[in-house]
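Here is model-v2.csv, consisting of CSV, C-alpha atoms and all ligand atoms:
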chain,number,residue,atom,x,y,z
O,1,MET,CA,0.0,0.0,0.0
O,2,ARG,CA,1.4,3.4,-1.0
O,3,GLU,CA,1.9,6.1,1.6
O,4,ALA,CA,-1.0,8.6,2.0
O,5,GLY,CA,0.0,11.8,0.2
O,6,PRO,CA,-1.3,15.3,1.1
O,7,LEU,CA,-4.3,14.9,-1.1
O,8,ASP,CA,-5.3,11.6,0.5
O,9,ILE,CA,-4.9,13.3,4.0
O,10,LEU,CA,-7.0,16.2,2.9
O,11,ILE,CA,-9.8,14.0,1.5
O,12,ARG,CA,-9.8,11.9,4.6
O,13,ALA,CA,-10.0,15.0,6.8
O,14,LEU,CA,-12.9,16.4,4.7
O,15,ALA,CA,-14.7,13.0,4.8
O,16,GLY,CA,-14.6,13.1,8.6
O,17,LEU,CA,-16.7,16.3,8.7
O,18,PRO,CA,-20.4,16.1,9.6
O,19,GLY,CA,-22.6,15.6,6.5
O,20,LEU,CA,-19.7,14.6,4.2
O,21,GLY,CA,-18.6,11.2,2.9
O,22,PRO,CA,-15.7,10.1,0.8
O,23,ARG,CA,-17.4,11.0,-2.5
O,24,SER,CA,-18.3,14.6,-1.5
O,25,ALA,CA,-14.8,14.9,0.1
O,26,ARG,CA,-13.2,14.1,-3.2
O,27,ARG,CA,-15.4,16.6,-5.0
O,28,ILE,CA,-14.6,19.4,-2.5
O,29,ALA,CA,-10.8,18.6,-2.6
O,30,LEU,CA,-10.8,18.8,-6.4
O,31,HIS,CA,-12.8,22.0,-6.4
O,32,LEU,CA,-10.4,23.6,-3.9
O,33,LEU,CA,-7.4,22.6,-6.0
O,34,THR,CA,-8.8,23.7,-9.3
O,35,SER,CA,-9.9,27.2,-8.1
O,36,ARG,CA,-7.1,28.0,-5.6
O,37,GLU,CA,-7.4,31.8,-5.7
O,38,LYS,CA,-11.2,31.8,-5.3
O,39,THR,CA,-11.8,29.1,-2.8
O,40,LEU,CA,-8.6,27.4,-1.4
O,41,HIS,CA,-6.8,30.6,-0.3
O,42,PRO,CA,-9.8,32.3,1.4
O,43,LEU,CA,-10.6,29.0,3.1
O,44,ILE,CA,-7.1,28.6,4.5
O,45,ALA,CA,-7.2,32.2,5.7
O,46,ALA,CA,-10.6,31.8,7.3
O,47,LEU,CA,-9.5,28.5,9.1
O,48,GLN,CA,-6.3,30.1,10.4
O,49,GLU,CA,-8.1,33.2,11.6
O,50,THR,CA,-10.8,31.1,13.3
O,51,GLU,CA,-8.3,28.9,15.0
O,52,ARG,CA,-6.4,32.0,16.2
O,53,SER,CA,-9.3,34.2,17.4
O,54,VAL,CA,-12.3,32.1,18.3
O,55,ARG,CA,-12.6,31.1,22.0
O,56,VAL,CA,-15.1,29.2,24.2
O,57,CYS,CA,-16.9,31.6,26.5
O,58,PRO,CA,-16.0,30.7,30.1
O,59,LEU,CA,-19.5,31.7,31.3
O,60,CYS,CA,-22.0,30.2,28.8
O,61,GLY,CA,-19.9,28.0,26.5
O,62,ASN,CA,-20.7,30.0,23.3
O,63,LEU,CA,-18.0,30.5,20.7
O,64,ASP,CA,-16.9,34.1,20.1
O,65,THR,CA,-13.8,36.2,19.5
O,66,THR,CA,-14.2,37.9,22.9
O,67,GLU,CA,-14.1,36.4,26.4
O,68,PRO,CA,-16.8,36.5,27.8
O,69,CYS,CA,-18.8,36.3,24.6
O,70,ARG,CA,-20.8,39.2,23.2
O,71,ILE,CA,-24.1,37.9,24.6
O,72,CYS,CA,-22.7,37.5,28.1
O,73,ARG,CA,-21.2,41.0,28.0
O,74,SER,CA,-24.2,42.7,26.5
O,75,ASP,CA,-26.1,45.4,28.5
O,76,ASN,CA,-29.3,44.7,26.5
O,77,ARG,CA,-29.9,41.1,27.7
O,78,ASN,CA,-32.2,40.1,30.5
O,79,ARG,CA,-29.8,38.6,33.1
O,80,ALA,CA,-32.6,37.1,35.2
O,81,VAL,CA,-33.4,34.5,32.5
O,82,LEU,CA,-31.1,31.6,31.5
O,83,CYS,CA,-31.7,29.4,28.5
O,84,VAL,CA,-30.0,26.0,28.8
O,85,VAL,CA,-29.0,24.4,25.4
O,86,ALA,CA,-27.2,21.2,24.6
O,87,ASN,CA,-24.6,22.8,22.3
O,88,VAL,CA,-23.5,25.9,20.5
O,89,ALA,CA,-25.5,25.0,17.3
O,90,ASP,CA,-28.7,25.0,19.4
O,91,LEU,CA,-27.6,28.3,21.0
O,92,TRP,CA,-27.2,29.9,17.6
O,93,ALA,CA,-30.5,28.3,16.5
O,94,VAL,CA,-32.4,30.0,19.4
O,95,GLU,CA,-30.4,33.3,18.8
O,96,ARG,CA,-31.4,33.4,15.1
O,97,THR,CA,-35.1,33.6,16.0
O,98,GLY,CA,-34.5,37.0,17.7
O,99,ALA,CA,-37.3,36.0,20.1
O,100,TYR,CA,-35.0,35.6,23.1
O,101,LYS,CA,-33.2,38.3,25.0
O,102,GLY,CA,-31.9,36.5,28.1
O,103,LEU,CA,-28.5,34.7,28.7
O,104,TYR,CA,-27.5,31.1,27.7
O,105,HIS,CA,-25.8,28.1,29.2
O,106,CYS,CA,-24.4,25.4,26.9
O,107,LEU,CA,-24.2,21.9,28.5
O,108,GLY,CA,-21.8,20.5,25.9
O,109,GLY,CA,-24.2,17.6,25.1
O,110,VAL,CA,-27.1,15.7,26.7
O,111,LEU,CA,-27.2,12.7,29.1
O,112,SER,CA,-27.1,9.5,27.1
O,113,ALA,CA,-26.7,5.9,28.5
O,114,LEU,CA,-26.0,4.7,24.9
O,115,ASP,CA,-23.2,7.2,24.2
O,116,GLY,CA,-21.9,7.0,27.8
O,117,MET,CA,-22.6,10.7,28.6
O,118,THR,CA,-22.8,11.1,32.3
O,119,PRO,CA,-23.7,14.2,34.3
O,120,ASP,CA,-20.0,14.9,35.2
O,121,MET,CA,-19.2,15.1,31.4
O,122,LEU,CA,-21.6,18.0,30.9
O,123,ARG,CA,-21.4,21.6,32.2
O,124,ILE,CA,-24.0,20.9,34.9
O,125,MET,CA,-22.0,22.0,38.0
O,126,PRO,CA,-21.2,25.5,36.4
O,127,LEU,CA,-25.0,25.8,35.7
O,128,LEU,CA,-25.9,25.0,39.3
O,129,GLU,CA,-23.2,27.5,40.4
O,130,ARG,CA,-24.7,30.2,38.2
O,131,VAL,CA,-28.1,29.7,39.7
O,132,ARG,CA,-26.7,29.5,43.3
O,133,GLU,CA,-25.0,32.8,42.8
O,134,GLY,CA,-28.4,34.4,42.6
O,135,GLY,CA,-30.1,36.9,40.3
O,136,ILE,CA,-31.5,34.2,38.0
O,137,GLU,CA,-35.3,34.0,38.2
O,138,GLU,CA,-36.0,31.6,35.3
O,139,VAL,CA,-34.2,28.7,33.7
O,140,ILE,CA,-35.5,27.7,30.3
O,141,LEU,CA,-34.6,24.1,29.4
O,142,ALA,CA,-34.3,24.4,25.6
O,143,LEU,CA,-33.4,20.8,24.9
O,144,SER,CA,-34.3,18.6,21.9
O,145,ALA,CA,-37.6,16.6,22.1
O,146,THR,CA,-35.6,13.4,22.0
O,147,VAL,CA,-35.5,10.7,24.7
O,148,ASP,CA,-32.0,11.8,25.8
O,149,GLY,CA,-33.0,15.5,25.6
O,150,GLN,CA,-36.0,15.0,27.8
O,151,ALA,CA,-34.1,12.7,30.2
O,152,THR,CA,-31.6,15.5,30.6
O,153,ALA,CA,-34.4,18.0,31.2
O,154,HIS,CA,-35.8,15.9,34.0
O,155,TYR,CA,-32.4,15.4,35.6
O,156,LEU,CA,-31.7,19.2,35.4
O,157,THR,CA,-35.2,20.0,36.9
O,158,ASP,CA,-34.4,17.9,40.0
O,159,ARG,CA,-31.0,19.4,40.4
O,160,LEU,CA,-32.2,23.0,39.9
O,161,GLN,CA,-35.1,22.6,42.2
O,162,ALA,CA,-32.7,21.5,45.0
O,163,GLU,CA,-30.8,24.9,44.5
O,164,GLY,CA,-33.8,27.0,45.6
O,165,PRO,CA,-36.7,28.9,44.3
O,166,VAL,CA,-36.1,29.4,40.6
O,167,ARG,CA,-38.8,29.1,37.9
O,168,ILE,CA,-38.0,26.2,35.5
O,169,THR,CA,-39.6,26.1,32.1
O,170,ARG,CA,-39.2,24.1,28.9
O,171,LEU,CA,-39.9,24.6,25.3
O,172,ALA,CA,-43.5,23.6,24.4
O,173,HIS,CA,-45.6,23.6,21.2
O,174,GLY,CA,-43.7,23.5,18.0
O,175,VAL,CA,-40.9,21.0,18.7
O,176,PRO,CA,-41.8,17.7,17.1
O,177,VAL,CA,-41.2,14.5,19.2
O,178,GLY,CA,-37.9,13.0,18.2
O,179,GLY,CA,-36.9,16.4,16.5
O,180,GLU,CA,-33.4,17.9,16.7
O,181,LEU,CA,-33.5,21.6,17.6
O,182,ASP,CA,-30.8,22.6,15.2
O,183,TYR,CA,-32.9,21.3,12.2
O,184,LEU,CA,-36.0,23.3,13.0
O,185,ASP,CA,-37.0,26.5,11.2
O,186,ASP,CA,-36.7,29.8,13.1
O,187,GLY,CA,-40.5,30.3,13.3
O,188,THR,CA,-41.0,26.9,15.0
O,189,ILE,CA,-38.3,27.7,17.6
O,190,ALA,CA,-39.8,31.2,18.2
O,191,THR,CA,-43.3,29.7,18.7
O,192,ALA,CA,-41.9,27.1,21.1
O,193,LEU,CA,-40.1,29.8,23.1
O,194,LYS,CA,-43.2,31.9,23.4
O,195,SER,CA,-45.4,28.9,24.6
O,196,ARG,CA,-42.9,27.5,27.1
O,197,ALA,CA,-44.5,25.8,30.1
O,198,SER,CA,-43.6,25.3,33.7
O,199,LEU,CA,-42.4,21.9,35.0
O,201,ZN,ZN,-21.1,33.7,26.9
For the structure just supplied, provide its representation as structure tokens.
Ligand SMILES: [Zn+2]
Amino acid sequence: MREAGPLDILIRALAGLPGLGPRSARRIALHLLTSREKTLHPLIAALQETERSVRVCPLCGNLDTTEPCRICRSDNRNRAVLCVVANVADLWAVERTGAYKGLYHCLGGVLSALDGMTPDMLRIMPLLERVREGGIEEVILALSATVDGQATAHYLTDRLQAEGPVRITRLAHGVPVGGELDYLDDGTIATALKSRASL
């Protein structure tokens, strides 16, 4: 077997990205190499700049070029409301609706027996600490309507209720059972936010 050259390594790296397989990875690699000025060079620059400047927000887990992130630093956000999401993609999905003006907390995933995700692997302790510090009146559990998402919501409800008097709500109408939050349209997420219900 011949040694993998740079092109093989590039194709393998592309094929490992979400939504791509070997066939699309080969097409992308060829496209990049046949239009270097237009696509390859800007992509290299964007990747290097992203790697250099984008950081994880120590407060909410969002990705941004400032620490804390722009949402956490903003004076125009309601600091009494915290929206708990599984990951940054879900945070951005809620943020795109423009229907929410509070703060966020990214868990970094959801509890899953199948995937071996246990509470200590998620950012649950930092969430409880934020609530314990005071000033937060409502925690919105904006988790996917999947078995794992809802199991995580139940677990968080128990842990949050033990912290003291905080209103705990979850997304209601609009999120289909078994639906992934990141795949929903903005209107559905906005409706679900407006019709959130107490647990
Ligand atoms: Zn933040």
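Taking atom CA of Ala13 of chain O and atom CA of Leu111 of chain O as endpoints, the distance between them is 28.3 Å.
Here the question is which of O:Ala151, O:Val84, O:Leu122, O:Cys57 gets nearest to ligand ZN 201 (chain O) using all atoms listed in the file, and that residue is O:Cys57.
The coordinates place atom CA of Pro42 of chain O at 27.4 Å from atom CA of Gly61 of chain O.
When only C-alpha atoms and all ligand atoms are used to compute distances to ligand ZN 201 (chain O), the closest of the residues O:Cys72, O:Ala86, O:Leu40, O:Ile11 turns out to be O:Cys72.
In this structure, atom CA of Gln161 of chain O sits 23.1 Å away from atom CA of Tyr100 of chain O.
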At a cut-off of 7 Å around ligand ZN 201 (chain O), and using all atoms listed in the file, what residues come up? Please write them as a count of residues only.
12
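If all atoms listed in the file are the atoms counted, then among O:Leu184, O:Leu33, O:Val166, O:Leu160 the closest residue to Arg96 of chain O is O:Leu184.
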Keeping N, CA, C and O atoms, write segment 111-140 of chain O of the structure just shown out as a PDB file, in the first residue's frame.
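And here is the file that came out, result-v5.pdb:
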ATOM      1  N   LEU O 111     -27.392  14.032  28.405  1.00  0.00           N
ATOM      2  CA  LEU O 111     -27.160  12.745  29.058  1.00  0.00           C
ATOM      3  C   LEU O 111     -27.565  11.632  28.097  1.00  0.00           C
ATOM      4  O   LEU O 111     -28.585  11.730  27.415  1.00  0.00           O
ATOM      5  N   SER O 112     -26.765  10.585  28.027  1.00  0.00           N
ATOM      6  CA  SER O 112     -27.081   9.474  27.138  1.00  0.00           C
ATOM      7  C   SER O 112     -26.424   8.199  27.654  1.00  0.00           C
ATOM      8  O   SER O 112     -25.194   8.120  27.728  1.00  0.00           O
ATOM      9  N   ALA O 113     -27.273   7.225  27.993  1.00  0.00           N
ATOM     10  CA  ALA O 113     -26.738   5.935  28.454  1.00  0.00           C
ATOM     11  C   ALA O 113     -26.012   5.251  27.298  1.00  0.00           C
ATOM     12  O   ALA O 113     -24.947   4.658  27.482  1.00  0.00           O
ATOM     13  N   LEU O 114     -26.580   5.394  26.093  1.00  0.00           N
ATOM     14  CA  LEU O 114     -26.024   4.723  24.908  1.00  0.00           C
ATOM     15  C   LEU O 114     -24.639   5.264  24.552  1.00  0.00           C
ATOM     16  O   LEU O 114     -23.728   4.507  24.222  1.00  0.00           O
ATOM     17  N   ASP O 115     -24.503   6.615  24.598  1.00  0.00           N
ATOM     18  CA  ASP O 115     -23.235   7.235  24.229  1.00  0.00           C
ATOM     19  C   ASP O 115     -22.296   7.396  25.423  1.00  0.00           C
ATOM     20  O   ASP O 115     -21.224   7.998  25.287  1.00  0.00           O
ATOM     21  N   GLY O 116     -22.727   6.913  26.583  1.00  0.00           N
ATOM     22  CA  GLY O 116     -21.885   7.006  27.778  1.00  0.00           C
ATOM     23  C   GLY O 116     -21.709   8.422  28.292  1.00  0.00           C
ATOM     24  O   GLY O 116     -20.685   8.744  28.881  1.00  0.00           O
ATOM     25  N   MET O 117     -22.723   9.307  28.048  1.00  0.00           N
ATOM     26  CA  MET O 117     -22.638  10.683  28.553  1.00  0.00           C
ATOM     27  C   MET O 117     -23.241  10.741  29.953  1.00  0.00           C
ATOM     28  O   MET O 117     -24.451  10.545  30.128  1.00  0.00           O
ATOM     29  N   THR O 118     -22.385  10.994  30.935  1.00  0.00           N
ATOM     30  CA  THR O 118     -22.826  11.058  32.331  1.00  0.00           C
ATOM     31  C   THR O 118     -22.839  12.521  32.793  1.00  0.00           C
ATOM     32  O   THR O 118     -22.210  13.372  32.152  1.00  0.00           O
ATOM     33  N   PRO O 119     -23.551  12.836  33.905  1.00  0.00           N
ATOM     34  CA  PRO O 119     -23.671  14.240  34.350  1.00  0.00           C
ATOM     35  C   PRO O 119     -22.334  14.962  34.501  1.00  0.00           C
ATOM     36  O   PRO O 119     -22.227  16.144  34.184  1.00  0.00           O
ATOM     37  N   ASP O 120     -21.290  14.240  34.968  1.00  0.00           N
ATOM     38  CA  ASP O 120     -19.998  14.909  35.192  1.00  0.00           C
ATOM     39  C   ASP O 120     -19.305  15.280  33.884  1.00  0.00           C
ATOM     40  O   ASP O 120     -18.334  16.036  33.883  1.00  0.00           O
ATOM     41  N   MET O 121     -19.793  14.745  32.736  1.00  0.00           N
ATOM     42  CA  MET O 121     -19.193  15.091  31.443  1.00  0.00           C
ATOM     43  C   MET O 121     -19.833  16.341  30.842  1.00  0.00           C
ATOM     44  O   MET O 121     -19.359  16.862  29.833  1.00  0.00           O
ATOM     45  N   LEU O 122     -20.936  16.798  31.441  1.00  0.00           N
ATOM     46  CA  LEU O 122     -21.612  17.999  30.944  1.00  0.00           C
ATOM     47  C   LEU O 122     -21.343  19.172  31.877  1.00  0.00           C
ATOM     48  O   LEU O 122     -20.932  18.979  33.024  1.00  0.00           O
ATOM     49  N   ARG O 123     -21.620  20.398  31.387  1.00  0.00           N
ATOM     50  CA  ARG O 123     -21.380  21.587  32.212  1.00  0.00           C
ATOM     51  C   ARG O 123     -22.586  21.846  33.128  1.00  0.00           C
ATOM     52  O   ARG O 123     -23.239  22.883  33.040  1.00  0.00           O
ATOM     53  N   ILE O 124     -22.855  20.839  34.000  1.00  0.00           N
ATOM     54  CA  ILE O 124     -24.005  20.939  34.905  1.00  0.00           C
ATOM     55  C   ILE O 124     -23.618  21.667  36.196  1.00  0.00           C
ATOM     56  O   ILE O 124     -24.349  22.527  36.666  1.00  0.00           O
ATOM     57  N   MET O 125     -22.443  21.356  36.733  1.00  0.00           N
ATOM     58  CA  MET O 125     -21.996  22.040  37.958  1.00  0.00           C
ATOM     59  C   MET O 125     -21.883  23.552  37.750  1.00  0.00           C
ATOM     60  O   MET O 125     -22.373  24.321  38.579  1.00  0.00           O
ATOM     61  N   PRO O 126     -21.267  24.013  36.632  1.00  0.00           N
ATOM     62  CA  PRO O 126     -21.239  25.460  36.391  1.00  0.00           C
ATOM     63  C   PRO O 126     -22.636  26.070  36.282  1.00  0.00           C
ATOM     64  O   PRO O 126     -22.853  27.207  36.703  1.00  0.00           O
ATOM     65  N   LEU O 127     -23.602  25.293  35.759  1.00  0.00           N
ATOM     66  CA  LEU O 127     -24.988  25.780  35.671  1.00  0.00           C
ATOM     67  C   LEU O 127     -25.577  25.965  37.065  1.00  0.00           C
ATOM     68  O   LEU O 127     -26.163  27.018  37.370  1.00  0.00           O
ATOM     69  N   LEU O 128     -25.391  24.954  37.919  1.00  0.00           N
ATOM     70  CA  LEU O 128     -25.924  25.040  39.279  1.00  0.00           C
ATOM     71  C   LEU O 128     -25.266  26.197  40.040  1.00  0.00           C
ATOM     72  O   LEU O 128     -25.908  26.889  40.817  1.00  0.00           O
ATOM     73  N   GLU O 129     -23.964  26.406  39.787  1.00  0.00           N
ATOM     74  CA  GLU O 129     -23.243  27.508  40.440  1.00  0.00           C
ATOM     75  C   GLU O 129     -23.807  28.856  40.013  1.00  0.00           C
ATOM     76  O   GLU O 129     -23.950  29.767  40.834  1.00  0.00           O
ATOM     77  N   ARG O 130     -24.131  28.979  38.714  1.00  0.00           N
ATOM     78  CA  ARG O 130     -24.700  30.250  38.215  1.00  0.00           C
ATOM     79  C   ARG O 130     -26.022  30.533  38.904  1.00  0.00           C
ATOM     80  O   ARG O 130     -26.310  31.684  39.257  1.00  0.00           O
ATOM     81  N   VAL O 131     -26.837  29.489  39.076  1.00  0.00           N
ATOM     82  CA  VAL O 131     -28.143  29.669  39.730  1.00  0.00           C
ATOM     83  C   VAL O 131     -27.946  29.978  41.216  1.00  0.00           C
ATOM     84  O   VAL O 131     -28.628  30.829  41.793  1.00  0.00           O
ATOM     85  N   ARG O 132     -26.977  29.288  41.834  1.00  0.00           N
ATOM     86  CA  ARG O 132     -26.691  29.461  43.260  1.00  0.00           C
ATOM     87  C   ARG O 132     -26.220  30.890  43.558  1.00  0.00           C
ATOM     88  O   ARG O 132     -26.524  31.443  44.608  1.00  0.00           O
ATOM     89  N   GLU O 133     -25.475  31.474  42.624  1.00  0.00           N
ATOM     90  CA  GLU O 133     -24.963  32.833  42.811  1.00  0.00           C
ATOM     91  C   GLU O 133     -26.084  33.844  42.949  1.00  0.00           C
ATOM     92  O   GLU O 133     -25.890  34.936  43.482  1.00  0.00           O
ATOM     93  N   GLY O 134     -27.282  33.496  42.460  1.00  0.00           N
ATOM     94  CA  GLY O 134     -28.450  34.370  42.598  1.00  0.00           C
ATOM     95  C   GLY O 134     -28.635  35.285  41.414  1.00  0.00           C
ATOM     96  O   GLY O 134     -27.764  35.407  40.549  1.00  0.00           O
ATOM     97  N   GLY O 135     -29.811  35.938  41.381  1.00  0.00           N
ATOM     98  CA  GLY O 135     -30.107  36.882  40.300  1.00  0.00           C
ATOM     99  C   GLY O 135     -30.840  36.234  39.143  1.00  0.00           C
ATOM    100  O   GLY O 135     -31.405  36.933  38.302  1.00  0.00           O
ATOM    101  N   ILE O 136     -30.838  34.905  39.066  1.00  0.00           N
ATOM    102  CA  ILE O 136     -31.544  34.216  37.978  1.00  0.00           C
ATOM    103  C   ILE O 136     -32.923  33.791  38.477  1.00  0.00           C
ATOM    104  O   ILE O 136     -33.040  33.068  39.468  1.00  0.00           O
ATOM    105  N   GLU O 137     -33.955  34.292  37.780  1.00  0.00           N
ATOM    106  CA  GLU O 137     -35.326  34.005  38.204  1.00  0.00           C
ATOM    107  C   GLU O 137     -35.944  32.855  37.415  1.00  0.00           C
ATOM    108  O   GLU O 137     -36.856  32.188  37.881  1.00  0.00           O
ATOM    109  N   GLU O 138     -35.470  32.666  36.180  1.00  0.00           N
ATOM    110  CA  GLU O 138     -36.043  31.609  35.343  1.00  0.00           C
ATOM    111  C   GLU O 138     -34.955  30.881  34.564  1.00  0.00           C
ATOM    112  O   GLU O 138     -34.051  31.508  34.009  1.00  0.00           O
ATOM    113  N   VAL O 139     -35.072  29.557  34.540  1.00  0.00           N
ATOM    114  CA  VAL O 139     -34.193  28.735  33.712  1.00  0.00           C
ATOM    115  C   VAL O 139     -35.061  28.044  32.667  1.00  0.00           C
ATOM    116  O   VAL O 139     -35.983  27.307  33.002  1.00  0.00           O
ATOM    117  N   ILE O 140     -34.779  28.328  31.382  1.00  0.00           N
ATOM    118  CA  ILE O 140     -35.526  27.686  30.285  1.00  0.00           C
ATOM    119  C   ILE O 140     -34.711  26.487  29.805  1.00  0.00           C
ATOM    120  O   ILE O 140     -33.571  26.649  29.371  1.00  0.00           O
TER     121      ILE O 140
END
